[in-house]
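Since the structure comes first, as structure tokens, the remarks are kept for the end.
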Amino acid sequence: MTRFRARGLLATLVLVALGTWPAGAAANEPPPYAYHRLDRVGAALAKDPLFVDPDVGEALGTADRARLRAAVGKAAKRIGTPVYVVVIPNPNDSESQGRDDAFLFMLHDRTRRDGLYVMADSGGSLESETFNVPRRYDYSSLDEDEPGSSRPADSDHPFAGLAGRITQRLDGYATAPSASPTMPTLYSSPDPFGKEDAFTPSDPEIKAPLLTGLLLAGPIGAAVLYWLGLGVLVLRRGRTAEPDERKIEKHTWAPTAPGTRRLRRNAAKELERLRRRLTTADAEQGRPYAVSAYDAAQILYDDAKEDEEKAIDLVGAIVLARQGRIALTRDTASPPAPCLINPLHGESTVRKRLPRLDEHDALPKPCPLCQTCGESEERHGLTEARLLKIPGPDGRRPHTLVPGVWRDTAWGARGKNFLPRVMRYLGVD
């Protein structure tokens, strides 16, 4: 209650000091033109469930479009919800910053129409999201041999077989088991409009207009600003120990016992996400780590192939690729270690002692955990059943029992030379 009162008083002081009322907050909203493309697509989908942008008109011929419209109608009838297909370029400077999943979420937010949305971009990549669709369908995102795969078989001819892949994706949803309708979650949103490349310093600068205003405001204004500054410091100090949840990316694919093929598919996906981020991010401190992480992850991925004896290296490739993105996003040369219960959970946010896992010497004490595992430990205690199980020729075993660089370094939680040690493991100086 005290914190809420303090924040209320702080807000009042801000308004008094700056002469600004809540109506001014609208200035931070994206301008109307930021949504023009989304609104254009939404309006077209209201008339025709298949939208093909003129810039990629060659992606689908007349026969392919007729085939897709029939497939859309068939899928919608079987699923019981609308089905929409969008074929459109999605460059990095678009409203969704090149992220197809974000584009579909933004399109749904603008149209307010639930259903199955399937998108193909100018590279022939497929993305799909279900908004209140009564189906449970988990497609393998990067298996080129799987029906409805996300990537074209030939990257030099991205639209070859596109209609067939979209139709297969629609059929996959139509024939999937029924389930309660749910809404998907976009765990990581694009940067605010107009601030895609902005860097926010940890300490705000004092600029000339503020100093001028202080001189003109007189003693009363100076007193108000003084207490305002104290309030800001109090609130900042009060939350320094709390992780910034807006920057913590959660991962929907984090199984306890993944297969080697699924690990390889998702490693490819994470590598591609880091590669795209490297081409657009402006991070002076984080870039060297991200580049090295990408190189190491690519070597691990290429070397592991589908060899079960090297399945843990595919987990390592996923961890490094995610750390590389964190290094770029936060401009840091020291991204956090992953959750050591299951490194596929993503980055750790807390450290706790695990009494029920004391026999696992590979786990540091206290042990880095993701938020979910930290809460689970507090509620009922984590057990070996929650540990990531790595496939191998002799069956699965907890990742803590697999010897090698990952166990020795505790995935970066032990020591300060995680990436150099991985490079030495790969034979790279």
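Chains: A, B, ... in order of the structure tokens. Residues: from 1 per chain. Ligands: from 1, in order shown.
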| query | Skipping near chain neighbours, those fewer than 4 positions away, what residues fall within 10 Å of A:Asp171 using only C-alpha atoms, listed as a ChimeraX atom specification? | reply | /A:71-72,74-75,78-79,147-148,165-167,175-176
| task | Pick out the residues sitting within 8 Å of A:Arg386, and hand them over as a PyMOL selection string; count only C-alpha atoms, and ignore anything fewer than 6 positions along from it in its own chain. | result | chain A and resi 256+341-342
| Excluding same-chain residues fewer than 2 positions from stretch 308-325 of chain A, what lies within 7 Å of it counting only C-alpha atoms, as a list in words? | Thr260, Leu263, Arg264, Ala267, Glu270, Leu271, Leu274, Arg277, Tyr289, Ala290, Ala293, Tyr294, Ala297, Leu300, Tyr301, Ala304, Glu306, Ala327, Leu328, Thr329, Pro335, Pro343, Ile390, Pro391, Gly392 and Pro393 of chain A
| message | Give me the residues near A:Glu284 as a PyMOL selection string, where near means some atom within 10 Å (using only C-alpha atoms) and where sequence neighbours in that chain fewer than 2 positions away do not count. | response | chain A and resi 281-282+286-288+327-328+331-333
